[in-house]
Amino acid sequence: QVQLVESGGGSVQPGGSLRLSCAVSGTTFGINTMGWYRQAPGKQRELVAVVGSGGKINYADSVKGRFTISRDMAKITVNLHMNSLRPDDTAVYYCNIRDARWVDYWGQGTQVTVSS
């Protein structure tokens, strides 16, 4: 059974930083991509950042230059370092992996709130 356990998140003032971590276990097939998505109230879930099996990274335009995604394939973890946070970054953040069969798995979500 594939499990994604997220940690980090919380509340921070505008301009602050947070770090999200996601530990993956139970994978049987290889991992194609690892990434983070977010969903704000009343909005659709959107991609934040994703790293492919070859190391290629894509960021949403809204987070480029502020967020950094990293992964450790030995530990099967993926992290999201978020700097210069803004109120419009407030959302529930979800860890995602897509395995070699292109099946998606999701974490339970962690709340990030940016407010003064």
# chains A, B, ... in the order shown; residues from 1 in each chain; ligands from 1
$ residues_around --residues "segment 71-78 of chain A" --least-positions-apart "5" --cutoff "8 Å" --atoms "only C-alpha atoms" --output "list in words"
Ser21, Cys22, Ala23, Val24, Ser25, Met34, Gly35 and Val51 of chain A
$ residues_around --residues "segment 27-33 of chain A" --least-positions-apart "2" --cutoff "7 Å" --atoms "only C-alpha atoms" --output "list in words"
Val2, Ser25, Gly35, Val50, Val51, Gly52, Ser53, Ile97, Arg98, Asp99 and Ala100 of chain A
$ residues_around --residues "Gln44 of chain A" --least-positions-apart "6" --cutoff "12 Å" --atoms "only C-alpha atoms" --output "PyMOL selection string"
chain A and resi 37-38+91-92
$ select_by_dssp --residues "segment 18-65 of chain A" --states "strand (DSSP E or B)" --output "VMD selection string"
chain A and resid 18 to 25 31 to 39 46 to 52 57 to 59
$ closest_residue --among "A:Asn96, A:Asn83, A:Gln3, A:Ser70" --to "Val114 of chain A" --atoms "only C-alpha atoms"
A:Asn83
$ residues_around --residues "Thr68 of chain A" --least-positions-apart "3" --cutoff "7 Å" --atoms "only C-alpha atoms" --output "tab-separated table (two decimals) with C-alpha atoms, in the first residue's frame"
chain	number	residue	atom	x	y	z
A	80	LEU	CA	9.21	22.10	-0.96
A	81	HIS	CA	11.05	25.13	0.36
A	82	MET	CA	8.82	28.19	0.20
$ residues_around --residues "Arg86 of chain A" --least-positions-apart "5" --cutoff "10 Å" --atoms "only C-alpha atoms" --output "list in words"
Val12, Gln13, Pro14, Gly15, Gly16, Ser17, Val63, Thr113, Val114, Ser115 and Ser116 of chain A
$ atom_distance --atom1 "atom CA of Gln111 of chain A" --atom2 "atom CA of Gly54 of chain A"
29.4 Å
$ decode --residues "chain A" --atoms "C-alpha atoms" --output "mmCIF file, in the first residue's frame"
data_model
loop_
_atom_site.group_PDB
_atom_site.id
_atom_site.type_symbol
_atom_site.label_atom_id
_atom_site.label_comp_id
_atom_site.auth_asym_id
_atom_site.auth_seq_id
_atom_site.Cartn_x
_atom_site.Cartn_y
_atom_site.Cartn_z
ATOM 1 C CA GLN A 1 0.000 0.000 0.000
ATOM 2 C CA VAL A 2 1.484 3.303 -1.102
ATOM 3 C CA GLN A 3 1.550 5.974 1.585
ATOM 4 C CA LEU A 4 2.558 9.624 1.369
ATOM 5 C CA VAL A 5 3.077 11.324 4.729
ATOM 6 C CA GLU A 6 3.409 15.083 4.696
ATOM 7 C CA SER A 7 4.887 17.300 7.371
ATOM 8 C CA GLY A 8 5.520 20.992 7.730
ATOM 9 C CA GLY A 9 3.113 23.739 6.880
ATOM 10 C CA GLY A 10 1.427 26.068 9.340
ATOM 11 C CA SER A 11 0.907 29.800 9.625
ATOM 12 C CA VAL A 12 3.377 32.483 8.653
ATOM 13 C CA GLN A 13 3.405 36.210 8.008
ATOM 14 C CA PRO A 14 3.826 37.589 4.475
ATOM 15 C CA GLY A 15 7.445 37.426 3.422
ATOM 16 C CA GLY A 16 8.110 34.425 5.642
ATOM 17 C CA SER A 17 9.309 30.933 4.806
ATOM 18 C CA LEU A 18 8.076 27.402 5.312
ATOM 19 C CA ARG A 19 9.301 23.940 4.395
ATOM 20 C CA LEU A 20 7.090 21.016 3.445
ATOM 21 C CA SER A 21 8.292 17.428 3.434
ATOM 22 C CA CYS A 22 6.742 14.267 2.065
ATOM 23 C CA ALA A 23 7.908 10.737 2.814
ATOM 24 C CA VAL A 24 6.798 7.978 0.447
ATOM 25 C CA SER A 25 6.549 4.296 1.318
ATOM 26 C CA GLY A 26 5.063 1.134 -0.103
ATOM 27 C CA THR A 27 5.898 1.784 -3.750
ATOM 28 C CA THR A 28 6.232 -1.348 -5.860
ATOM 29 C CA PHE A 29 6.719 0.228 -9.246
ATOM 30 C CA GLY A 30 9.202 2.927 -10.157
ATOM 31 C CA ILE A 31 8.334 6.567 -9.615
ATOM 32 C CA ASN A 32 7.844 8.741 -12.658
ATOM 33 C CA THR A 33 7.293 12.151 -11.034
ATOM 34 C CA MET A 34 7.199 13.639 -7.537
ATOM 35 C CA GLY A 35 5.596 16.955 -6.841
ATOM 36 C CA TRP A 36 3.419 19.328 -4.893
ATOM 37 C CA TYR A 37 -0.029 20.677 -5.692
ATOM 38 C CA ARG A 38 -2.227 23.101 -3.807
ATOM 39 C CA GLN A 39 -5.891 23.921 -3.506
ATOM 40 C CA ALA A 40 -7.208 27.209 -2.192
ATOM 41 C CA PRO A 41 -10.811 27.576 -0.991
ATOM 42 C CA GLY A 42 -13.207 27.707 -3.920
ATOM 43 C CA LYS A 43 -10.482 26.958 -6.454
ATOM 44 C CA GLN A 44 -9.304 23.910 -8.353
ATOM 45 C CA ARG A 45 -6.216 22.000 -7.328
ATOM 46 C CA GLU A 46 -3.197 23.339 -9.190
ATOM 47 C CA LEU A 47 0.366 22.273 -9.793
ATOM 48 C CA VAL A 48 2.995 24.040 -7.685
ATOM 49 C CA ALA A 49 6.167 22.173 -8.623
ATOM 50 C CA VAL A 50 7.106 18.779 -10.023
ATOM 51 C CA VAL A 51 10.363 16.898 -10.613
ATOM 52 C CA GLY A 52 10.598 14.128 -13.171
ATOM 53 C CA SER A 53 12.550 10.902 -13.006
ATOM 54 C CA GLY A 54 15.332 12.501 -15.056
ATOM 55 C CA GLY A 55 15.521 15.451 -12.704
ATOM 56 C CA LYS A 56 13.686 17.957 -14.865
ATOM 57 C CA ILE A 57 11.785 20.469 -12.719
ATOM 58 C CA ASN A 58 8.730 22.526 -13.554
ATOM 59 C CA TYR A 59 7.276 25.310 -11.429
ATOM 60 C CA ALA A 60 4.033 27.209 -11.623
ATOM 61 C CA ASP A 61 4.722 30.727 -12.860
ATOM 62 C CA SER A 62 3.336 32.144 -9.618
ATOM 63 C CA VAL A 63 6.034 30.473 -7.495
ATOM 64 C CA LYS A 64 9.095 30.698 -9.741
ATOM 65 C CA GLY A 65 12.007 32.283 -7.917
ATOM 66 C CA ARG A 66 10.350 31.826 -4.521
ATOM 67 C CA PHE A 67 9.808 28.067 -4.140
ATOM 68 C CA THR A 68 12.340 25.259 -4.530
ATOM 69 C CA ILE A 69 11.499 21.587 -4.903
ATOM 70 C CA SER A 70 14.006 18.906 -4.038
ATOM 71 C CA ARG A 71 13.939 15.143 -3.762
ATOM 72 C CA ASP A 72 15.943 12.313 -2.260
ATOM 73 C CA MET A 73 15.385 9.136 -4.260
ATOM 74 C CA ALA A 74 17.285 7.007 -1.755
ATOM 75 C CA LYS A 75 14.934 8.026 1.053
ATOM 76 C CA ILE A 76 12.008 8.564 -1.352
ATOM 77 C CA THR A 77 11.213 12.001 -0.040
ATOM 78 C CA VAL A 78 10.266 15.230 -1.741
ATOM 79 C CA ASN A 79 10.528 18.669 -0.143
ATOM 80 C CA LEU A 80 9.211 22.101 -0.961
ATOM 81 C CA HIS A 81 11.053 25.133 0.355
ATOM 82 C CA MET A 82 8.823 28.193 0.204
ATOM 83 C CA ASN A 83 10.260 31.688 0.570
ATOM 84 C CA SER A 84 8.761 35.159 0.245
ATOM 85 C CA LEU A 85 5.335 33.750 0.994
ATOM 86 C CA ARG A 86 2.307 35.820 0.021
ATOM 87 C CA PRO A 87 -1.319 35.710 1.168
ATOM 88 C CA ASP A 88 -2.308 34.172 -2.179
ATOM 89 C CA ASP A 89 -0.084 31.180 -1.367
ATOM 90 C CA THR A 90 -2.603 30.227 1.309
ATOM 91 C CA ALA A 91 -3.954 26.772 0.459
ATOM 92 C CA VAL A 92 -3.915 23.122 1.361
ATOM 93 C CA TYR A 93 -0.745 21.647 -0.127
ATOM 94 C CA TYR A 94 -0.727 18.051 -1.374
ATOM 95 C CA CYS A 95 2.206 15.798 -2.088
ATOM 96 C CA ASN A 96 1.852 13.704 -5.254
ATOM 97 C CA ILE A 97 3.723 10.887 -6.929
ATOM 98 C CA ARG A 98 2.985 9.326 -10.275
ATOM 99 C CA ASP A 99 4.377 5.838 -10.603
ATOM 100 C CA ALA A 100 5.745 4.098 -13.676
ATOM 101 C CA ARG A 101 2.220 2.958 -14.571
ATOM 102 C CA TRP A 102 1.125 6.610 -14.498
ATOM 103 C CA VAL A 103 -1.009 5.984 -11.407
ATOM 104 C CA ASP A 104 -1.303 8.997 -9.077
ATOM 105 C CA TYR A 105 -1.012 8.850 -5.300
ATOM 106 C CA TRP A 106 -1.741 11.727 -2.941
ATOM 107 C CA GLY A 107 -0.882 12.777 0.568
ATOM 108 C CA GLN A 108 -3.516 13.846 3.053
ATOM 109 C CA GLY A 109 -2.752 17.550 2.580
ATOM 110 C CA THR A 110 -1.221 20.134 4.881
ATOM 111 C CA GLN A 111 -2.518 23.646 5.478
ATOM 112 C CA VAL A 112 -0.359 26.666 4.685
ATOM 113 C CA THR A 113 -1.735 30.025 5.824
ATOM 114 C CA VAL A 114 -0.030 33.313 5.014
ATOM 115 C CA SER A 115 -1.521 36.210 6.918
ATOM 116 C CA SER A 116 -0.507 39.231 8.899
#
